[in-house]
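Enquirer: My structure is stored as start-v6.cif, with mmCIF, C-alpha atoms.
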```cif
data_protein
loop_
_atom_site.label_atom_id
_atom_site.label_comp_id
_atom_site.auth_asym_id
_atom_site.auth_seq_id
_atom_site.Cartn_x
_atom_site.Cartn_y
_atom_site.Cartn_z
CA MET U 1 117.99 76.46 -8.79
CA LYS U 2 117.85 80.21 -8.24
CA HIS U 3 115.52 79.78 -5.25
CA ARG U 4 118.00 77.43 -3.64
CA HIS U 5 120.79 80.00 -4.00
CA ILE U 6 118.59 82.77 -2.64
CA LEU U 7 117.65 80.60 0.33
CA ALA U 8 121.30 79.72 0.86
CA ILE U 9 122.30 83.38 0.86
CA ILE U 10 119.46 84.24 3.26
CA TRP U 11 120.54 81.35 5.50
CA ILE U 12 124.14 82.60 5.51
CA LEU U 13 123.02 86.16 6.24
CA ILE U 14 120.87 84.95 9.13
CA LEU U 15 123.80 82.99 10.50
CA LEU U 16 126.13 85.95 10.17
CA SER U 17 123.71 88.58 11.45
CA SER U 18 122.25 86.64 14.38
CA CYS U 19 123.95 86.16 17.68
CA VAL U 20 126.22 83.56 16.09
CA SER U 21 129.77 84.80 15.80
CA GLY U 22 131.45 84.94 12.42
CA LYS U 23 133.92 82.25 13.41
CA ARG U 24 131.11 79.91 14.46
CA ALA U 25 129.24 80.56 11.21
CA VAL U 26 132.34 79.71 9.19
CA LYS U 27 132.89 76.60 11.33
CA GLU U 28 129.28 75.55 10.71
CA LEU U 29 129.62 76.17 6.99
CA ARG U 30 132.75 74.01 6.80
CA LYS U 31 130.92 70.90 8.01
CA ASP U 32 130.50 68.10 5.48
CA LYS U 33 126.73 68.50 5.36
CA HIS U 34 127.11 72.11 4.16
CA LYS U 35 130.07 71.53 1.82
CA LEU U 36 127.97 71.69 -1.36
CA LEU U 37 126.26 74.84 -0.14
CA ALA U 38 129.60 76.49 0.62
CA LEU U 39 131.01 75.56 -2.80
CA GLU U 40 127.92 76.88 -4.59
CA LEU U 41 128.09 80.10 -2.62
CA CYS U 42 131.75 80.60 -3.46
CA ALA U 43 131.02 79.81 -7.10
CA ASP U 44 128.15 82.31 -7.23
CA LEU U 45 129.73 85.10 -5.24
CA GLY U 46 133.32 84.63 -6.34
CA GLU U 47 134.45 86.06 -9.61
CA ILE U 48 135.96 83.81 -12.21
CA LYS U 49 139.19 85.55 -13.06
CA GLU U 50 141.93 84.55 -15.36
CA THR U 51 145.30 86.02 -14.52
CA ILE U 52 148.10 85.83 -17.00
CA GLU U 53 151.62 86.23 -15.72
CA THR U 54 154.67 86.42 -17.92
CA VAL U 55 158.02 86.49 -16.16
CA THR U 56 161.13 87.50 -18.06
CA ASP U 57 164.63 87.03 -16.66
CA THR U 58 167.64 88.79 -18.14
CA VAL U 59 171.12 87.58 -17.32
CA VAL U 60 174.07 89.76 -18.34
CA LYS U 61 177.43 88.05 -18.55
CA VAL U 62 180.70 89.88 -19.26
CA VAL U 63 183.03 87.90 -21.51
CA THR U 64 186.70 88.90 -21.85
CA LEU U 65 188.31 88.08 -25.18
CA PRO U 66 192.15 88.04 -24.95
CA GLY U 67 194.07 90.23 -27.37
CA ILE U 68 196.14 88.56 -30.09
CA GLU U 69 199.69 89.31 -31.25
CA LEU U 70 200.12 90.57 -34.79
CA ASP U 71 203.33 90.53 -36.84
CA CYS U 72 204.47 93.88 -38.22
CA PRO U 73 206.49 94.26 -41.45
CA GLU U 74 210.15 93.31 -41.22
CA THR U 75 212.38 96.21 -40.23
CA THR U 76 216.03 96.95 -39.42
CA ASN U 77 217.27 97.98 -35.97
CA PRO U 78 218.97 101.39 -36.46
CA THR U 79 221.58 100.85 -33.73
CA THR U 80 222.67 97.29 -34.55
CA GLY U 81 221.65 97.06 -38.20
CA GLU U 82 219.93 93.68 -37.68
CA LYS U 83 216.70 92.82 -39.41
CA TYR U 84 213.79 91.68 -37.21
CA THR U 85 209.97 91.36 -37.25
CA PRO U 86 208.33 93.33 -34.45
CA LYS U 87 205.13 92.02 -32.85
CA VAL U 88 202.25 94.09 -31.51
CA LYS U 89 199.78 92.79 -28.90
CA CYS U 90 196.21 93.96 -29.21
CA PRO U 91 194.39 94.91 -25.98
CA ASP U 92 191.93 92.54 -24.27
CA VAL U 93 188.29 93.20 -25.20
CA GLN U 94 185.40 92.93 -22.76
CA GLN U 95 181.98 92.30 -24.22
CA GLU U 96 178.55 92.03 -22.53
CA VAL U 97 176.38 89.09 -23.54
CA LYS U 98 172.68 89.23 -22.59
CA TYR U 99 170.70 86.05 -22.08
CA ILE U 100 166.95 86.69 -22.03
CA ARG U 101 164.69 83.91 -20.75
CA THR U 102 160.89 84.16 -20.69
CA LYS U 103 158.95 81.78 -18.48
CA GLU U 104 155.66 80.19 -19.52
CA THR U 105 152.38 82.03 -19.22
CA ILE U 106 150.45 80.88 -16.14
CA THR U 107 146.64 80.94 -16.17
CA LYS U 108 144.76 80.64 -12.89
CA GLU U 109 140.99 80.46 -12.56
CA ASN U 110 138.31 79.96 -9.94
CA THR U 111 137.42 76.26 -9.74
CA PHE U 112 134.65 76.44 -7.14
CA ARG U 113 131.98 75.78 -9.80
CA VAL U 114 133.75 72.60 -10.97
CA ASP U 115 134.16 71.39 -7.37
CA ALA U 116 130.47 72.07 -6.61
CA LEU U 117 129.31 70.23 -9.73
CA THR U 118 131.61 67.29 -8.99
CA LEU U 119 130.25 67.01 -5.45
CA ARG U 120 126.65 67.33 -6.67
CA ASN U 121 127.30 64.65 -9.30
CA GLY U 122 128.62 62.28 -6.63
CA LYS U 123 125.55 62.85 -4.46
CA LEU U 124 123.22 62.28 -7.42
CA GLU U 125 124.99 59.04 -8.34
CA THR U 126 124.58 57.82 -4.75
CA GLU U 127 120.87 58.74 -4.77
CA LEU U 128 120.41 56.97 -8.12
CA ALA U 129 122.00 53.78 -6.78
CA GLU U 130 119.74 53.93 -3.71
CA GLU U 131 116.64 54.43 -5.88
CA LYS U 132 117.58 51.48 -8.11
CA ASP U 133 117.99 49.31 -5.02
CA LYS U 134 114.66 50.53 -3.68
CA GLY U 135 112.99 49.77 -7.06
CA LYS U 136 114.30 46.19 -6.99
CA LYS U 137 112.93 45.68 -3.47
CA GLN U 138 109.54 47.06 -4.52
CA LEU U 139 109.46 44.72 -7.55
CA TRP U 140 110.11 41.65 -5.40
CA PHE U 141 107.52 42.82 -2.87
CA SER U 142 104.95 43.21 -5.67
CA ILE U 143 105.73 39.73 -7.05
CA ILE U 144 105.39 38.11 -3.61
CA MET U 145 102.14 39.97 -2.85
CA SER U 146 100.73 38.96 -6.26
CA ALA U 147 101.61 35.32 -5.60
CA VAL U 148 99.93 35.49 -2.16
CA ALA U 149 96.82 37.12 -3.68
CA VAL U 150 96.62 34.45 -6.41
CA GLY U 151 97.06 31.71 -3.79
CA LEU U 152 94.30 33.19 -1.60
CA PHE U 153 92.02 33.52 -4.64
CA ILE U 154 92.57 29.87 -5.61
CA ALA U 155 92.01 28.76 -2.00
CA LEU U 156 88.74 30.69 -1.80
CA VAL U 157 87.49 29.38 -5.18
CA ARG U 158 88.16 25.71 -4.17
CA LYS U 159 85.96 25.99 -1.06
#
```
Turn this file's structure into structure tokens for me.

Expert:
Amino acid sequence: MKHRHILAIIWILILLSSCVSGKRAVKELRKDKHKLLALELCADLGEIKETIETVTDTVVKVVTLPGIELDCPETTNPTTGEKYTPKVKCPDVQQEVKYIRTKETITKENTFRVDALTLRNGKLETELAEEKDKGKKQLWFSIIMSAVAVGLFIALVRK
């Protein structure tokens, strides 16, 4: 496994350091036949980082509470002599209300290794299916050749 990665890195370095331009090397590496190699390279050379972000929003809203009227004790008007109940209005009150909202924590990570292993698994499953098919063909070929050999043996013994 390590030898393959070393060879891949050497191959990339040769591509990048030879007369091939960087753009052409990247274009070559993006082809389907080199996809697994590119993913493995990114997985090996890229760092697996986890970043945690916490975002907090604070909203400040000013709420105005209207003042109420209060009744004072009953009193007499000095000029007219009438009794009455004076009322006093309290001033309006403004109050700040803070709403604090924290968003979820977001974790991001490098998934090149997972992609490379998924692609390799798919290729191995395809190869396994081909080998099973090849094994079945070889079994039938062996059975037919054995039957022909037995038939030739019987024909030669009868003579």

Enquirer: Rank U:Leu29, U:Ile144, U:Lys159, U:Glu104 by their smallest atom-to-atom distance to Glu53 in chain U, using all atoms listed in the file, and report the top residue only.

Expert: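 Closest candidate: U:Glu104.
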
Enquirer: If we count all atoms listed in the file and set the cut-off at 9 Å, which residues sit around Ile100 in chain U, ignoring sequence neighbours fewer than 3 positions away in its own chain? Please answer as a ChimeraX atom specification.

Expert: /U:56-60

Enquirer: Any chance you could work out the residue set of the PyMOL selection byres ((chain U and resi 102) around 6) here, as a VMD selection string?

Expert: chain U and resid 55 to 56 101 103

Enquirer: Looking at only C-alpha atoms, which of U:Val88, U:Val93, U:Val150, U:Leu119 is the one that sits closest to His34 in chain U?

Expert: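 With only C-alpha atoms as the atom set, the closest residue is U:Leu119.
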
Enquirer: For Lys89 in chain U, find every residue with an atom within 8 Å (counting all atoms listed in the file), except residues of its own chain fewer than 2 positions away, and show them as a list of chain:residue names.

Expert: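 My reading of the contact set: U:Gly67, U:Ile68, U:Glu69, U:Leu70, U:Lys87, U:Pro91.
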
Enquirer: When you draw a straight line from CA of Lys35 in chain U to CA of Asp115 in chain U, how long is it in Å?

Expert: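 These two atoms are separated by 10.1 Å.
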
Enquirer: Taking into account only C-alpha atoms, which residue in the set U:Trp11, U:Pro86, U:Leu41, U:Asp92 is nearest to Pro66 in chain U?

Expert: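 The shortest atom-to-atom distance to Pro66 in chain U comes from U:Asp92.
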
Enquirer: For Ala43 in chain U, which of U:His5, U:Lys123, U:Thr85, U:Glu131 is the closest residue, counting all atoms listed in the file?

Expert: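 Comparing U:His5, U:Lys123, U:Thr85, U:Glu131 against Ala43 in chain U, the winner is U:His5.
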
Enquirer: For the structure shown, which residues end up in the PyMOL selection byres ((chain U and resi 113) around 9)? Put them as a PyMOL selection string, please?

Expert: chain U and resi 39-40+42-44+110-112+114-118

Enquirer: CA of Ile6 in chain U to CA of Thr126 in chain U: how many Å, to one decimal?

Expert: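 Between these atoms lies a distance of 25.7 Å.
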
Enquirer: With the file shown as input, list the residues that the PyMOL selection byres ((chain U and resi 96) around 9) selects, as a PDB file with C-alpha atoms, keeping the file's coordinate frame.

Expert:
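The resulting selection26.pdb:
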```pdb
ATOM      1  CA  VAL U  60     174.070  89.760 -18.340  1.00  0.00           C
ATOM      2  CA  LYS U  61     177.430  88.050 -18.550  1.00  0.00           C
ATOM      3  CA  VAL U  62     180.700  89.880 -19.260  1.00  0.00           C
ATOM      4  CA  VAL U  63     183.030  87.900 -21.510  1.00  0.00           C
ATOM      5  CA  THR U  64     186.700  88.900 -21.850  1.00  0.00           C
ATOM      6  CA  GLN U  94     185.400  92.930 -22.760  1.00  0.00           C
ATOM      7  CA  GLN U  95     181.980  92.300 -24.220  1.00  0.00           C
ATOM      8  CA  VAL U  97     176.380  89.090 -23.540  1.00  0.00           C
ATOM      9  CA  LYS U  98     172.680  89.230 -22.590  1.00  0.00           C
TER      10      LYS U  98
END
```
